[in-house]
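Structure below is run_21.tsv: TSV, C-alpha atoms.
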```tsv
chain	number	residue	atom	x	y	z
Q	1	LYS	CA	-41.77	11.30	39.33
Q	2	SER	CA	-38.86	13.58	38.50
Q	3	ILE	CA	-35.90	14.21	40.72
Q	4	GLN	CA	-34.27	17.62	40.55
Q	5	GLY	CA	-30.53	18.02	40.71
Q	6	THR	CA	-27.25	17.91	38.84
Q	7	TYR	CA	-26.04	14.61	37.37
Q	8	SER	CA	-22.63	13.51	36.15
Q	9	PHE	CA	-21.86	10.56	33.85
Q	10	LEU	CA	-20.28	7.63	35.70
Q	11	ALA	CA	-19.99	4.65	33.38
Q	12	THR	CA	-21.56	2.61	30.60
Q	13	THR	CA	-21.42	-1.02	29.59
Q	14	THR	CA	-21.41	-2.53	26.12
Q	15	GLN	CA	-22.74	-5.95	25.23
Q	16	ASN	CA	-20.82	-8.25	22.92
Q	17	ALA	CA	-21.19	-7.54	19.21
Q	18	PHE	CA	-24.08	-9.28	17.52
Q	19	ALA	CA	-23.33	-11.80	14.75
Q	20	ASP	CA	-26.01	-12.90	12.33
Q	21	PRO	CA	-25.36	-16.59	11.47
Q	22	ALA	CA	-28.00	-16.48	8.73
Q	23	TYR	CA	-26.39	-13.56	6.87
Q	24	LEU	CA	-25.79	-14.19	3.18
Q	25	LEU	CA	-23.75	-11.92	0.95
Q	26	GLU	CA	-26.30	-12.30	-1.85
Q	27	ASP	CA	-29.11	-10.97	0.34
Q	28	ALA	CA	-29.64	-7.24	0.75
Q	29	SER	CA	-29.93	-7.55	4.53
Q	30	CYS	CA	-30.33	-4.46	6.70
Q	31	TYR	CA	-30.68	-4.16	10.49
Q	32	ARG	CA	-32.36	-2.02	13.16
Q	33	ILE	CA	-31.43	-2.23	16.82
Q	34	GLY	CA	-33.60	-1.83	19.92
Q	35	TYR	CA	-32.94	-2.57	23.57
Q	36	LYS	CA	-34.41	-2.67	27.06
Q	37	ASP	CA	-32.62	-1.03	29.95
Q	38	VAL	CA	-32.33	-2.39	33.51
Q	39	CYS	CA	-35.63	-0.69	34.36
Q	40	ASP	CA	-37.33	-2.61	31.55
Q	41	ASN	CA	-37.78	0.52	29.43
Q	42	GLN	CA	-37.95	-0.23	25.70
Q	43	SER	CA	-35.97	2.00	23.34
Q	44	ASP	CA	-37.10	3.17	19.94
Q	45	LEU	CA	-35.61	1.23	17.05
Q	46	SER	CA	-32.46	2.70	15.55
Q	47	ILE	CA	-32.26	3.97	11.99
Q	48	GLU	CA	-31.82	1.20	9.44
Q	49	ALA	CA	-28.21	0.05	8.95
Q	50	CYS	CA	-27.25	-1.69	5.71
Q	51	PRO	CA	-23.74	-3.21	5.60
Q	52	VAL	CA	-21.26	-2.88	2.76
Q	53	ARG	CA	-21.43	-5.93	0.46
Q	54	LEU	CA	-18.31	-6.27	-1.70
Q	55	THR	CA	-17.90	-8.31	-4.89
Q	56	GLY	CA	-14.85	-8.69	-7.13
Q	57	THR	CA	-14.38	-9.86	-10.73
Q	58	LEU	CA	-11.19	-10.66	-12.63
Q	59	LEU	CA	-11.19	-8.90	-16.03
Q	60	ARG	CA	-9.59	-10.24	-19.21
Q	61	ASP	CA	-6.56	-7.95	-18.85
Q	62	ASN	CA	-5.94	-9.32	-15.31
Q	63	SER	CA	-7.16	-6.14	-13.64
Q	64	ILE	CA	-9.71	-6.59	-10.85
Q	65	ASN	CA	-13.10	-4.89	-10.84
Q	66	LEU	CA	-14.49	-4.23	-7.35
Q	67	SER	CA	-18.00	-3.01	-6.60
Q	68	TRP	CA	-19.93	-2.64	-3.37
Q	69	THR	CA	-23.23	-1.49	-1.96
Q	70	PRO	CA	-23.18	1.86	-0.12
Q	71	TYR	CA	-23.29	1.77	3.65
Q	72	SER	CA	-26.30	3.33	5.38
Q	73	GLY	CA	-26.92	3.67	9.10
Q	74	TRP	CA	-25.20	6.89	10.12
Q	75	ALA	CA	-27.21	10.08	10.55
Q	76	ASN	CA	-24.54	12.18	8.80
Q	77	GLY	CA	-23.65	9.58	6.20
Q	78	VAL	CA	-20.33	8.34	4.85
Q	79	SER	CA	-17.32	10.61	4.49
Q	80	GLU	CA	-15.37	8.30	2.16
Q	81	TYR	CA	-14.62	4.69	1.30
Q	82	LEU	CA	-11.21	3.05	1.53
Q	83	VAL	CA	-10.30	-0.07	-0.47
Q	84	GLU	CA	-7.67	-2.19	1.28
Q	85	LYS	CA	-5.63	-4.75	-0.65
Q	86	TYR	CA	-3.94	-7.65	1.15
Q	87	SER	CA	-1.70	-10.52	0.14
Q	88	GLU	CA	-2.96	-14.05	0.71
Q	89	ASP	CA	-1.01	-14.22	4.00
Q	90	GLY	CA	-2.72	-11.10	5.34
Q	91	THR	CA	-0.05	-8.47	4.63
Q	92	LEU	CA	-1.56	-5.06	3.80
Q	93	LEU	CA	-0.18	-4.12	0.37
Q	94	GLN	CA	-2.06	-0.96	-0.62
Q	95	THR	CA	-4.88	1.32	0.47
Q	96	PHE	CA	-6.92	3.17	-2.16
Q	97	PRO	CA	-9.02	6.19	-1.07
Q	98	VAL	CA	-11.94	6.32	-3.52
Q	99	GLY	CA	-14.11	9.10	-2.10
Q	100	ASN	CA	-17.82	8.31	-2.33
Q	101	ALA	CA	-17.46	5.95	-5.30
Q	102	THR	CA	-18.83	2.42	-4.98
Q	103	THR	CA	-16.63	0.87	-7.70
Q	104	TYR	CA	-12.90	0.60	-8.22
Q	105	VAL	CA	-10.69	-1.13	-10.80
Q	106	ASP	CA	-7.31	-2.29	-9.49
Q	107	ALA	CA	-5.08	-2.30	-12.57
Q	108	SER	CA	-1.81	-2.29	-10.62
Q	109	ASP	CA	0.75	-4.81	-11.84
Q	110	ASP	CA	2.23	-6.64	-8.83
Q	111	LEU	CA	4.07	-9.75	-9.97
Q	112	ASN	CA	5.22	-10.67	-6.46
Q	113	TYR	CA	1.73	-11.95	-5.61
Q	114	GLN	CA	-0.84	-13.86	-7.64
Q	115	SER	CA	-3.69	-13.92	-5.09
Q	116	PHE	CA	-5.16	-10.84	-3.41
Q	117	VAL	CA	-7.77	-10.19	-0.73
Q	118	TYR	CA	-9.83	-6.99	-0.73
Q	119	LEU	CA	-12.12	-5.28	1.74
Q	120	VAL	CA	-13.83	-1.89	1.82
Q	121	LYS	CA	-14.05	0.38	4.84
Q	122	ALA	CA	-16.74	3.04	5.15
Q	123	ILE	CA	-15.52	6.09	7.09
Q	124	PRO	CA	-18.28	8.03	8.91
Q	125	ALA	CA	-18.69	11.77	8.41
Q	126	GLU	CA	-19.32	12.17	12.14
Q	127	ALA	CA	-16.33	11.93	14.48
Q	128	GLY	CA	-16.32	9.35	17.24
Q	129	ILE	CA	-18.13	6.62	15.31
Q	130	GLY	CA	-16.41	3.40	14.35
Q	131	GLN	CA	-15.77	2.37	10.76
Q	132	ALA	CA	-17.98	-0.09	8.88
Q	133	THR	CA	-16.11	-2.93	7.16
Q	134	SER	CA	-17.27	-5.05	4.25
Q	135	ASN	CA	-16.85	-8.77	3.71
Q	136	ARG	CA	-13.50	-9.94	2.32
Q	137	VAL	CA	-13.17	-10.93	-1.35
Q	138	ALA	CA	-10.31	-13.12	-2.63
Q	139	VAL	CA	-9.28	-12.89	-6.29
Q	140	MET	CA	-6.58	-14.93	-8.05
Q	141	LYS	CA	-4.97	-13.62	-11.22
Q	142	ASP	CA	-4.37	-15.80	-14.29
Q	143	PRO	CA	-0.98	-16.45	-15.96
Q	144	ASN	CA	-2.17	-14.15	-18.77
Q	145	LEU	CA	-0.39	-16.01	-21.59
Q	146	PHE	CA	0.35	-14.40	-24.92
Q	147	HIS	CA	2.64	-14.88	-27.92
Q	148	PRO	CA	3.55	-13.14	-31.19
Q	149	THR	CA	1.87	-14.28	-34.40
Q	150	ALA	CA	5.11	-14.00	-36.43
Q	151	PHE	CA	8.85	-13.67	-35.90
Q	152	THR	CA	11.85	-12.86	-38.13
Q	153	PRO	CA	15.00	-14.80	-37.14
Q	154	ASN	CA	17.41	-12.88	-39.38
Q	155	GLY	CA	20.00	-11.88	-36.79
Q	156	ASP	CA	19.08	-8.21	-36.48
Q	157	ASN	CA	18.15	-8.65	-32.77
Q	158	LEU	CA	14.58	-7.58	-33.53
Q	159	ASN	CA	11.90	-10.25	-33.06
Q	160	ASP	CA	14.48	-13.00	-33.71
Q	161	ILE	CA	13.11	-15.46	-31.14
Q	162	PHE	CA	9.63	-16.96	-30.77
Q	163	THR	CA	8.59	-17.16	-27.12
Q	164	VAL	CA	5.35	-17.68	-25.21
Q	165	PHE	CA	5.10	-15.12	-22.40
Q	166	GLY	CA	3.23	-15.39	-19.13
Q	167	GLN	CA	2.97	-14.25	-15.52
Q	168	TYR	CA	3.09	-16.22	-12.25
Q	169	VAL	CA	4.62	-19.21	-14.06
Q	170	ALA	CA	6.05	-21.97	-11.85
Q	171	ALA	CA	6.61	-24.65	-14.52
Q	172	PHE	CA	6.73	-24.43	-18.31
Q	173	GLU	CA	7.13	-26.66	-21.35
Q	174	MET	CA	6.89	-25.70	-25.03
Q	175	LYS	CA	7.25	-27.73	-28.23
Q	176	ILE	CA	7.46	-26.53	-31.86
Q	177	PHE	CA	6.32	-28.64	-34.84
Q	178	ASN	CA	6.49	-28.31	-38.61
Q	179	ARG	CA	3.52	-28.93	-40.90
Q	180	TRP	CA	4.18	-32.70	-40.94
Q	181	GLY	CA	4.10	-32.96	-37.15
Q	182	GLU	CA	7.84	-33.33	-36.71
Q	183	MET	CA	9.05	-31.80	-33.43
Q	184	LEU	CA	11.74	-29.20	-34.13
Q	185	PHE	CA	12.27	-27.66	-30.71
Q	186	THR	CA	11.42	-28.17	-27.04
Q	187	THR	CA	12.22	-26.21	-23.87
Q	188	ASP	CA	11.23	-26.17	-20.20
Q	189	ASN	CA	12.46	-22.59	-19.70
Q	190	ILE	CA	9.95	-19.84	-20.43
Q	191	GLU	CA	12.82	-17.43	-21.13
Q	192	THR	CA	14.27	-19.71	-23.83
Q	193	GLY	CA	12.52	-19.42	-27.18
Q	194	TRP	CA	12.89	-20.91	-30.65
Q	195	ASP	CA	15.40	-19.27	-33.02
Q	196	GLY	CA	13.93	-20.81	-36.18
Q	197	THR	CA	16.53	-23.57	-36.59
Q	198	PHE	CA	16.52	-27.37	-36.41
Q	199	ARG	CA	19.74	-29.33	-35.86
Q	200	GLY	CA	21.72	-26.22	-36.72
Q	201	ASN	CA	19.90	-25.53	-40.00
Q	202	ASP	CA	17.64	-22.56	-40.72
Q	203	MET	CA	14.03	-23.58	-41.23
Q	204	PRO	CA	12.25	-22.15	-44.30
Q	205	GLU	CA	9.60	-19.47	-44.17
Q	206	GLY	CA	6.19	-20.81	-43.34
Q	207	THR	CA	3.71	-21.56	-40.59
Q	208	TYR	CA	4.74	-23.65	-37.60
Q	209	THR	CA	2.65	-24.90	-34.69
Q	210	PHE	CA	3.41	-24.86	-30.99
Q	211	ILE	CA	2.02	-26.38	-27.80
Q	212	ALA	CA	2.82	-24.84	-24.40
Q	213	HIS	CA	1.93	-26.26	-20.97
Q	214	ILE	CA	2.10	-23.92	-17.97
Q	215	THR	CA	1.67	-24.47	-14.23
Q	216	ASP	CA	1.06	-21.30	-12.22
Q	217	ARG	CA	2.09	-20.60	-8.62
Q	218	ALA	CA	-1.29	-21.80	-7.39
Q	219	GLY	CA	-0.73	-25.21	-9.00
Q	220	ARG	CA	-3.25	-24.67	-11.79
Q	221	THR	CA	-2.32	-25.98	-15.26
Q	222	PHE	CA	-2.96	-24.24	-18.57
Q	223	LYS	CA	-2.43	-25.24	-22.18
Q	224	ARG	CA	-1.85	-22.82	-25.02
Q	225	SER	CA	-1.50	-23.97	-28.63
Q	226	GLY	CA	-1.46	-22.13	-31.92
Q	227	SER	CA	0.62	-21.22	-34.94
Q	228	VAL	CA	3.40	-18.77	-35.70
Q	229	LEU	CA	4.60	-17.46	-39.04
Q	230	LEU	CA	8.36	-17.60	-39.63
Q	231	LEU	CA	9.60	-14.83	-41.97
Q	232	ARG	CA	13.14	-14.33	-43.15
Q	233	LYS	CA	13.44	-10.65	-44.04
Q	234	GLU	CA	16.78	-9.43	-45.32
```
Exercise: express the given structure as structure tokens:
Amino acid sequence: KSIQGTYSFLATTTQNAFADPAYLLEDASCYRIGYKDVCDNQSDLSIEACPVRLTGTLLRDNSINLSWTPYSGWANGVSEYLVEKYSEDGTLLQTFPVGNATTYVDASDDLNYQSFVYLVKAIPAEAGIGQATSNRVAVMKDPNLFHPTAFTPNGDNLNDIFTVFGQYVAAFEMKIFNRWGEMLFTTDNIETGWDGTFRGNDMPEGTYTFIAHITDRAGRTFKRSGSVLLLRKE
């Protein structure tokens, strides 16, 4: 039976958000929603909604590769994605608008933080609809140690000192040895390198070995060993 007349909107109520305790990031889970009203009328099921699933990988150069599945569930689709980058304590550091891409490489060099947390927000093309937010992904950068293969301690202020370099270093120790295993130099300061001398005497040209132990800000320990060629160019 229909009732004729003019109606005006009074109010609506919203139930608490639904949480799926069985959701796994590895699963390609999608959802459809249906409901019954107070008159026991059953709605049609909504269009299928598939959440954004974000993954992150640390690359060899210490940049971070992010990729995610596209969001579906809005009739007019996604306008753009935003990648948000946070510090470990939850401070928002940067926001990267990436358009409709579903990958992003963060190659920014921020030495104030070693650990980062990322999430992706899908922005709807239709106004008045809330954003869709991905899972959070935490990535920790490595100390990224490197060293020269040769140095020339001849006093010309060019490559005179052998040093092991690194990032996010909290503790450091390096030792230098000659071919007979005699220790020629040791330091616990990453900014202090070997000048090619031992007890005030210049060491001859040749190959020397080193061992470096590093502790990063996260408390992880690393060992780097190798050889360096000492050259005395005039």
TODO: Between CA of Ser46 in chain Q and CA of Gln131 in chain Q, measure the distance and give it in Å to one decimal.
DONE: 17.4 Å
Open item on the list: Given all atoms listed in the file as the basis, pick out the residue of Q:Ser115, Q:Ser79, Q:Thr163, Q:Thr55 nearest to Thr91 in chain Q.
Closed with: Q:Ser115
- [ ] Take CA of Gly226 in chain Q and CA of Phe146 in chain Q and report the distance between them in Å, one decimal.
- [x]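 Going from CA of Gly226 in chain Q over to CA of Phe146 in chain Q, I get 10.6 Å.
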Task: Which residue of Q:Gly181, Q:Pro143, Q:Pro51, Q:Gly77 approaches Leu25 in chain Q most closely, using only C-alpha atoms - done: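 Going through Q:Gly181, Q:Pro143, Q:Pro51, Q:Gly77 one by one, the smallest distance to Leu25 in chain Q is for Q:Pro51.
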Enclose all atoms of range 128-138 of chain Q listed in the file in an axis-aligned box, grow every side by 4 Å, and hand back centre and edge lengths in Å to one decimal, as AutoDock Vina command-line options.
```
--center_x -14.2 --center_y -1.9 --center_z 7.3 --size_x 15.8 --size_y 30.5 --size_z 27.9
```
Task: Counting only C-alpha atoms, the residue of Q:Glu126, Q:Glu182, Q:Glu173, Q:Asp160 that sits nearest Ile211 in chain Q - done: Q:Glu173
Near Gly56 in chain Q, counting all atoms listed in the file, which residues have an atom at most 9 Å away, once you skip same-chain residues fewer than 6 positions from it, shown as an mmCIF file with C-alpha atoms, in the coordinates of the input?
```cif
data_model
loop_
_atom_site.group_PDB
_atom_site.id
_atom_site.type_symbol
_atom_site.label_atom_id
_atom_site.label_comp_id
_atom_site.auth_asym_id
_atom_site.auth_seq_id
_atom_site.Cartn_x
_atom_site.Cartn_y
_atom_site.Cartn_z
ATOM 1 C CA ILE Q 64 -9.710 -6.590 -10.850
ATOM 2 C CA ASN Q 65 -13.100 -4.890 -10.840
ATOM 3 C CA LEU Q 66 -14.490 -4.230 -7.350
ATOM 4 C CA SER Q 67 -18.000 -3.010 -6.600
ATOM 5 C CA TRP Q 68 -19.930 -2.640 -3.370
ATOM 6 C CA TYR Q 118 -9.830 -6.990 -0.730
ATOM 7 C CA VAL Q 137 -13.170 -10.930 -1.350
ATOM 8 C CA ALA Q 138 -10.310 -13.120 -2.630
ATOM 9 C CA VAL Q 139 -9.280 -12.890 -6.290
#
```
Would you save range 190-209 of chain Q to a file, keeping N, CA and C atoms, as an mmCIF file, in the first residue's frame?
```cif
data_model
loop_
_atom_site.group_PDB
_atom_site.id
_atom_site.type_symbol
_atom_site.label_atom_id
_atom_site.label_comp_id
_atom_site.auth_asym_id
_atom_site.auth_seq_id
_atom_site.Cartn_x
_atom_site.Cartn_y
_atom_site.Cartn_z
ATOM 1 N N ILE Q 190 84.036 6.237 13.602
ATOM 2 C CA ILE Q 190 83.853 5.997 12.175
ATOM 3 C C ILE Q 190 84.410 7.129 11.332
ATOM 4 N N GLU Q 191 84.595 8.307 11.919
ATOM 5 C CA GLU Q 191 85.128 9.442 11.175
ATOM 6 C C GLU Q 191 86.652 9.491 11.195
ATOM 7 N N THR Q 192 87.272 8.582 11.944
ATOM 8 C CA THR Q 192 88.733 8.520 12.012
ATOM 9 C C THR Q 192 89.220 7.326 11.206
ATOM 10 N N GLY Q 193 89.982 7.589 10.154
ATOM 11 C CA GLY Q 193 90.477 6.521 9.302
ATOM 12 C C GLY Q 193 91.977 6.319 9.444
ATOM 13 N N TRP Q 194 92.487 5.379 8.671
ATOM 14 C CA TRP Q 194 93.919 5.045 8.710
ATOM 15 C C TRP Q 194 94.667 5.884 7.699
ATOM 16 N N ASP Q 195 95.802 6.485 8.130
ATOM 17 C CA ASP Q 195 96.602 7.344 7.249
ATOM 18 C C ASP Q 195 97.772 6.615 6.604
ATOM 19 N N GLY Q 196 97.824 5.281 6.753
ATOM 20 C CA GLY Q 196 98.884 4.510 6.105
ATOM 21 C C GLY Q 196 100.177 4.460 6.882
ATOM 22 N N THR Q 197 100.159 4.800 8.186
ATOM 23 C CA THR Q 197 101.370 4.756 8.996
ATOM 24 C C THR Q 197 101.216 3.767 10.136
ATOM 25 N N PHE Q 198 102.361 3.380 10.720
ATOM 26 C CA PHE Q 198 102.382 2.530 11.909
ATOM 27 C C PHE Q 198 103.521 3.004 12.792
ATOM 28 N N ARG Q 199 103.167 3.434 14.009
ATOM 29 C CA ARG Q 199 104.156 3.964 14.961
ATOM 30 C C ARG Q 199 104.963 5.101 14.344
ATOM 31 N N GLY Q 200 104.269 5.932 13.581
ATOM 32 C CA GLY Q 200 104.896 7.110 12.993
ATOM 33 C C GLY Q 200 105.638 6.867 11.703
ATOM 34 N N ASN Q 201 105.693 5.631 11.224
ATOM 35 C CA ASN Q 201 106.420 5.312 9.993
ATOM 36 C C ASN Q 201 105.436 5.003 8.864
ATOM 37 N N ASP Q 202 105.776 5.469 7.650
ATOM 38 C CA ASP Q 202 104.953 5.167 6.483
ATOM 39 C C ASP Q 202 105.028 3.679 6.146
ATOM 40 N N MET Q 203 103.904 3.077 5.934
ATOM 41 C CA MET Q 203 103.865 1.679 5.514
ATOM 42 C C MET Q 203 104.068 1.592 4.000
ATOM 43 N N PRO Q 204 104.715 0.522 3.539
ATOM 44 C CA PRO Q 204 105.007 0.402 2.100
ATOM 45 C C PRO Q 204 103.745 0.134 1.288
ATOM 46 N N GLU Q 205 103.855 0.359 -0.008
ATOM 47 C CA GLU Q 205 102.755 0.005 -0.900
ATOM 48 C C GLU Q 205 102.447 -1.478 -0.772
ATOM 49 N N GLY Q 206 101.168 -1.791 -0.929
ATOM 50 C CA GLY Q 206 100.773 -3.188 -0.840
ATOM 51 C C GLY Q 206 99.322 -3.312 -0.407
ATOM 52 N N THR Q 207 98.909 -4.550 -0.200
ATOM 53 C CA THR Q 207 97.531 -4.840 0.186
ATOM 54 C C THR Q 207 97.448 -5.085 1.681
ATOM 55 N N TYR Q 208 96.492 -4.427 2.315
ATOM 56 C CA TYR Q 208 96.270 -4.555 3.750
ATOM 57 C C TYR Q 208 94.816 -4.997 3.971
ATOM 58 N N THR Q 209 94.604 -5.684 5.078
ATOM 59 C CA THR Q 209 93.253 -6.164 5.379
ATOM 60 C C THR Q 209 92.653 -5.355 6.529
#
```
